[in-house]
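> Following this message is one structure expressed as structure tokens.
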Amino acid sequence: MKIWKDRVKSDYSEIRGVHHGPREGVPMEQLDRELEYAQRLRINSVRVGIGEEEWHRDPEAAEKKILDYTRLCAVHGISVMPIFSSGNQIRSYELLTDKEWERKHAYLSSVIRILKNEPNLLMWDVYNEPFCNDYLRNCPAGEYEERYRKIEHDLRLQCQMVRELDDDTPITVGHELKEHLDSTADLVDVIAFHDYLTTRKDIREVYEFAGKCAAAQGGKPVINNETGCIGRANPYDVELQFCEEFHYGYYIFNLVIEGFWAPLHGIIYPDGTVRDPSIVAAMFGFYRNRGSERIIPQGNREEYATAAVERVKKALAVDKQSLFTKFESTTDEILDAAEVCINILECCEIVPMDDLLSAKLFELRNIPEEKRDRAQIRRFAYDVSRKLQDYYCLY
């Protein structure tokens with residue numbers, strides 16, 4: 001049998017990966033577009049779940065789906081890291097029986113058979129977060145060690161089974177916590193950790209721990225194969241900066257902002273637009289300046305903010321031409337005036353960027369003139385001008 005050095009192709013620091021894959025109701029044409037966006041981002045690898053139970057329900061359909069997707073990735077120059085199993089849904093657990101191992105063997109051998117010779121197969125992820133589940137997190141006091149060891153026992157057997165079925169392709173296990181790495185460090189070819197921690201101090205400790213774990217195994221490669229969550233105080237750009245510093249390849253969760261995880265994860269929307277441009281910048285090695293030499297934007301240095309506020313005032317003013325007649329700006333003119341304020345507010349990042357004022361502007365503009373709520377539009381323009389007025393202390 002080969003050793004890990006015979007299987008690994010590099011230190012994998014070149015991996016610029018994301019989580020992506022086939023999804024219910026999403027046609028191949030849409031997946032193709034998303035992979036084109038990935039290619040433009042110079043993403044070169046995806047980590048993709050196969051779905052063990054899905055395979056058991058319909059092996060032929062599951063195999064076709066993952067094979068078609070793998071070959072679609074190849075068209076875009078993207079390698080794949082298929083995930084065989086996941087521990088996230090474990091709520092109770094007993095050691096697998098002989099019959100269950102036969103079932104497991106059928107699944108593993110089938111998937112390996114259809115994908116092993118695909119040129120863009122990078123490595124197998126034998127198990128995603130095997131110890132991240134309610135079975136362990138909610139266990140009664142005193143039972144954690146016993147429960148942990150049961151999962152660990154079968155996890156190690158599954159690693160050995162995959163190795164017996166394929167002695168050529170590298171294997172890894174994507175662990176949730178650094179404390180779990182030792183459970184499979186001797187069996188995998190690549191050390192893989194996930195990081196969703198909340199401070200730079202704690203993040204650094206994980207990266208350093210993973211490096212020491214790999215060194216203890218003779219210098220095995222290390223990757224962070226799941227990271228980035230805006231809802232867990234885990235900024236994408238911070239993680240990517242650590243990956244660059246430690247020379248670890250990475251897999252961002254998730255490529256597409258869609259579905260259940262959309263409020264927390266993702267780089268691009270299905271149409272290719274982005275939510276946070278700093279993520280894309282960080283992928284290319286450009287990070288926010290958090291140093292003492294950063295320069296605060298000056299949106300009113302040339303009095304454009306003053307002029308913008310005055311323009312809104314003029315647009316909202318009523319020109320009473322006679323006792324019974326008056327002149328008022330059109331709603332388009334009011335929105336145009338509001339846009340100038342918004343452009344300064346957003347360019348200088350004076351306002352929160354989670355729900356863009358410019359997006360609200362577009363929504364109001366998209367309403368046909370005859371159906372617009374004039375009072376609403378006036379209020380909107382007034383509010384954005386006041387934000388600018390208050391920030392720059394304008395009279």
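Here's how to read the names in the structure tokens: chain A, B, ... by the order shown, residue numbers from 1 in each chain, ligand numbers from 1 in the order shown.
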Report as JSON lines: every residue of range 59-174 of chain A with an atom at most 12 Å from range 235-257 of chain A, its closest pair of atoms, and their distance in Å to one decimal, counting only C-alpha atoms, with rows sorted by chain and ascending residue number.


{"residue": "A:Ser79", "atom": "CA", "partner": "A:Tyr251", "partner_atom": "CA", "distance": 11.9}
{"residue": "A:Val80", "atom": "CA", "partner": "A:Tyr251", "partner_atom": "CA", "distance": 11.0}
{"residue": "A:Met81", "atom": "CA", "partner": "A:Tyr251", "partner_atom": "CA", "distance": 10.0}
{"residue": "A:Gly174", "atom": "CA", "partner": "A:Tyr251", "partner_atom": "CA", "distance": 10.7}

> So which residues touch range 153-169 of chain A within 10 Å, counting only C-alpha atoms, skipping near sequence neighbours fewer than 6 positions away, as a ChimeraX atom specification?

/A:1-4,6-9,84-85,87,94-96,101,104-105,108-110,112-113,116-117,121-127,130-131,183-184,186-189

> Give me a file of those residues, with C-alpha atoms, as a PDB file, in the first residue's frame.


ATOM      1  CA  MET A   1       0.000   0.000   0.000  1.00  0.00           C
ATOM      2  CA  LYS A   2       1.190   3.499  -0.797  1.00  0.00           C
ATOM      3  CA  ILE A   3       1.918   6.155   1.806  1.00  0.00           C
ATOM      4  CA  TRP A   4       0.493   9.672   1.826  1.00  0.00           C
ATOM      5  CA  ASP A   6       2.835   8.937  -2.911  1.00  0.00           C
ATOM      6  CA  ARG A   7      -0.682  10.331  -3.296  1.00  0.00           C
ATOM      7  CA  VAL A   8      -0.533  14.060  -2.637  1.00  0.00           C
ATOM      8  CA  LYS A   9       0.236  16.232  -5.633  1.00  0.00           C
ATOM      9  CA  PHE A  84     -19.078  10.817   1.098  1.00  0.00           C
ATOM     10  CA  SER A  85     -20.827  11.283   4.452  1.00  0.00           C
ATOM     11  CA  GLY A  87     -22.179  13.830  10.715  1.00  0.00           C
ATOM     12  CA  GLU A  94     -24.763   2.819  17.458  1.00  0.00           C
ATOM     13  CA  LEU A  95     -21.779   1.055  15.928  1.00  0.00           C
ATOM     14  CA  LEU A  96     -22.582  -0.052  12.393  1.00  0.00           C
ATOM     15  CA  TRP A 101     -21.208  -1.915   6.527  1.00  0.00           C
ATOM     16  CA  LYS A 104     -21.895   1.440   3.159  1.00  0.00           C
ATOM     17  CA  HIS A 105     -19.436  -0.531   1.019  1.00  0.00           C
ATOM     18  CA  LEU A 108     -18.586   3.928  -1.449  1.00  0.00           C
ATOM     19  CA  SER A 109     -17.444   1.465  -4.083  1.00  0.00           C
ATOM     20  CA  SER A 110     -20.052   2.661  -6.564  1.00  0.00           C
ATOM     21  CA  ILE A 112     -15.438   5.605  -6.343  1.00  0.00           C
ATOM     22  CA  ARG A 113     -15.906   3.476  -9.425  1.00  0.00           C
ATOM     23  CA  LYS A 116     -11.977   7.674  -9.677  1.00  0.00           C
ATOM     24  CA  ASN A 117     -10.754   8.115 -13.236  1.00  0.00           C
ATOM     25  CA  LEU A 121     -10.943  14.468  -9.037  1.00  0.00           C
ATOM     26  CA  LEU A 122      -8.750  16.096  -6.396  1.00  0.00           C
ATOM     27  CA  MET A 123      -9.373  14.070  -3.233  1.00  0.00           C
ATOM     28  CA  TRP A 124     -12.096  12.341  -1.251  1.00  0.00           C
ATOM     29  CA  ASP A 125     -13.559  13.960   1.847  1.00  0.00           C
ATOM     30  CA  VAL A 126     -14.524  10.807   3.708  1.00  0.00           C
ATOM     31  CA  TYR A 127     -16.691  12.498   6.316  1.00  0.00           C
ATOM     32  CA  PRO A 130     -18.370  13.701  11.995  1.00  0.00           C
ATOM     33  CA  PHE A 131     -18.541  15.075  15.547  1.00  0.00           C
ATOM     34  CA  SER A 183      -9.028  11.252  15.453  1.00  0.00           C
ATOM     35  CA  THR A 184      -8.017  10.682  11.806  1.00  0.00           C
ATOM     36  CA  ASP A 186      -2.775   9.172  10.963  1.00  0.00           C
ATOM     37  CA  LEU A 187      -5.225   7.859   8.334  1.00  0.00           C
ATOM     38  CA  VAL A 188      -5.740  10.854   6.037  1.00  0.00           C
ATOM     39  CA  ASP A 189      -3.338  12.203   3.443  1.00  0.00           C
TER      40      ASP A 189
END

> When you look at Thr273 in chain A with a cut-off of 10 Å (counting only C-alpha atoms), what residues show up, excluding the ones that are within fewer than 3 positions of it in the same chain? I need them as a list in words.

Tyr37, Val256, Ile257, Ile267, Ile268, Tyr269, Pro270, Asp276 and Pro277 of chain A

> Can you write just those residues out, C-alpha atoms, as an mmCIF file, in the first residue's frame?


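Below is the file that was written, again38.cif:
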data_model
loop_
_atom_site.group_PDB
_atom_site.id
_atom_site.type_symbol
_atom_site.label_atom_id
_atom_site.label_comp_id
_atom_site.auth_asym_id
_atom_site.auth_seq_id
_atom_site.Cartn_x
_atom_site.Cartn_y
_atom_site.Cartn_z
ATOM 1 C CA TYR A 37 -18.724 33.006 -12.297
ATOM 2 C CA VAL A 256 -23.951 30.984 -4.160
ATOM 3 C CA ILE A 257 -26.095 33.162 -1.887
ATOM 4 C CA ILE A 267 -20.073 35.123 -2.350
ATOM 5 C CA ILE A 268 -22.365 35.679 -5.333
ATOM 6 C CA TYR A 269 -26.067 35.648 -6.072
ATOM 7 C CA PRO A 270 -27.298 33.304 -8.821
ATOM 8 C CA ASP A 276 -19.964 42.041 -0.059
ATOM 9 C CA PRO A 277 -17.243 43.094 -2.515
#

> Per DSSP on the backbone, filter range 274-318 of chain A down to the residues in helix (DSSP H, G or I) and report them as number ranges by chain.

A: 277-283, 304-316

> Just the selected residues (N, CA, C and O atoms), exported as an mmCIF file, in the first residue's frame, please.


data_model
loop_
_atom_site.group_PDB
_atom_site.id
_atom_site.type_symbol
_atom_site.label_atom_id
_atom_site.label_comp_id
_atom_site.auth_asym_id
_atom_site.auth_seq_id
_atom_site.Cartn_x
_atom_site.Cartn_y
_atom_site.Cartn_z
ATOM 1 N N PRO A 277 -18.401 43.097 -1.614
ATOM 2 C CA PRO A 277 -17.243 43.094 -2.515
ATOM 3 C C PRO A 277 -15.923 42.797 -1.810
ATOM 4 O O PRO A 277 -14.960 42.391 -2.459
ATOM 5 N N SER A 278 -15.853 42.998 -0.492
ATOM 6 C CA SER A 278 -14.588 42.743 0.213
ATOM 7 C C SER A 278 -14.203 41.275 0.173
ATOM 8 O O SER A 278 -13.018 40.939 0.263
ATOM 9 N N ILE A 279 -15.182 40.395 0.018
ATOM 10 C CA ILE A 279 -14.872 38.966 -0.089
ATOM 11 C C ILE A 279 -14.124 38.702 -1.385
ATOM 12 O O ILE A 279 -13.085 38.017 -1.397
ATOM 13 N N VAL A 280 -14.639 39.246 -2.468
ATOM 14 C CA VAL A 280 -13.995 39.068 -3.769
ATOM 15 C C VAL A 280 -12.600 39.684 -3.748
ATOM 16 O O VAL A 280 -11.633 39.089 -4.233
ATOM 17 N N ALA A 281 -12.473 40.885 -3.180
ATOM 18 C CA ALA A 281 -11.164 41.527 -3.100
ATOM 19 C C ALA A 281 -10.178 40.654 -2.323
ATOM 20 O O ALA A 281 -9.021 40.481 -2.733
ATOM 21 N N ALA A 282 -10.645 40.075 -1.212
ATOM 22 C CA ALA A 282 -9.766 39.237 -0.388
ATOM 23 C C ALA A 282 -9.320 37.984 -1.131
ATOM 24 O O ALA A 282 -8.200 37.499 -0.938
ATOM 25 N N MET A 283 -10.186 37.466 -1.999
ATOM 26 C CA MET A 283 -9.807 36.289 -2.779
ATOM 27 C C MET A 283 -8.632 36.592 -3.708
ATOM 28 O O MET A 283 -7.901 35.685 -4.112
ATOM 29 N N TYR A 304 -19.479 68.443 -2.576
ATOM 30 C CA TYR A 304 -20.512 67.697 -3.302
ATOM 31 C C TYR A 304 -21.648 67.268 -2.374
ATOM 32 O O TYR A 304 -22.811 67.195 -2.801
ATOM 33 N N ALA A 305 -21.322 66.990 -1.113
ATOM 34 C CA ALA A 305 -22.379 66.630 -0.173
ATOM 35 C C ALA A 305 -23.283 67.827 0.087
ATOM 36 O O ALA A 305 -24.520 67.703 0.149
ATOM 37 N N THR A 306 -22.685 68.990 0.233
ATOM 38 C CA THR A 306 -23.478 70.210 0.422
ATOM 39 C C THR A 306 -24.416 70.427 -0.766
ATOM 40 O O THR A 306 -25.618 70.705 -0.594
ATOM 41 N N ALA A 307 -23.863 70.267 -1.963
ATOM 42 C CA ALA A 307 -24.674 70.453 -3.172
ATOM 43 C C ALA A 307 -25.772 69.411 -3.278
ATOM 44 O O ALA A 307 -26.893 69.703 -3.720
ATOM 45 N N ALA A 308 -25.460 68.177 -2.858
ATOM 46 C CA ALA A 308 -26.454 67.100 -2.933
ATOM 47 C C ALA A 308 -27.632 67.374 -2.007
ATOM 48 O O ALA A 308 -28.798 67.164 -2.373
ATOM 49 N N VAL A 309 -27.330 67.846 -0.803
ATOM 50 C CA VAL A 309 -28.403 68.166 0.142
ATOM 51 C C VAL A 309 -29.249 69.325 -0.387
ATOM 52 O O VAL A 309 -30.489 69.305 -0.311
ATOM 53 N N GLU A 310 -28.599 70.320 -0.938
ATOM 54 C CA GLU A 310 -29.336 71.456 -1.498
ATOM 55 C C GLU A 310 -30.217 71.021 -2.665
ATOM 56 O O GLU A 310 -31.321 71.545 -2.854
ATOM 57 N N ARG A 311 -29.738 70.074 -3.436
ATOM 58 C CA ARG A 311 -30.532 69.594 -4.581
ATOM 59 C C ARG A 311 -31.807 68.904 -4.099
ATOM 60 O O ARG A 311 -32.877 69.071 -4.712
ATOM 61 N N VAL A 312 -31.703 68.141 -3.024
ATOM 62 C CA VAL A 312 -32.900 67.495 -2.481
ATOM 63 C C VAL A 312 -33.860 68.555 -1.930
ATOM 64 O O VAL A 312 -35.082 68.484 -2.133
ATOM 65 N N LYS A 313 -33.294 69.544 -1.220
ATOM 66 C CA LYS A 313 -34.155 70.616 -0.703
ATOM 67 C C LYS A 313 -34.945 71.278 -1.824
ATOM 68 O O LYS A 313 -36.146 71.539 -1.704
ATOM 69 N N LYS A 314 -34.266 71.552 -2.928
ATOM 70 C CA LYS A 314 -34.922 72.195 -4.067
ATOM 71 C C LYS A 314 -35.977 71.274 -4.679
ATOM 72 O O LYS A 314 -37.073 71.724 -5.054
ATOM 73 N N ALA A 315 -35.656 69.976 -4.774
ATOM 74 C CA ALA A 315 -36.605 69.022 -5.375
ATOM 75 C C ALA A 315 -37.857 68.864 -4.523
ATOM 76 O O ALA A 315 -38.952 68.602 -5.038
ATOM 77 N N LEU A 316 -37.706 69.024 -3.209
ATOM 78 C CA LEU A 316 -38.850 68.849 -2.315
ATOM 79 C C LEU A 316 -39.624 70.148 -2.091
ATOM 80 O O LEU A 316 -40.740 70.121 -1.544
#

> Can you list, as a PyMOL selection string, every residue of range 94-263 of chain A that DSSP puts in strand (DSSP E or B)?

chain A and resi 121+124-128+171-175+190-195+222-227+229+234+249-252+256
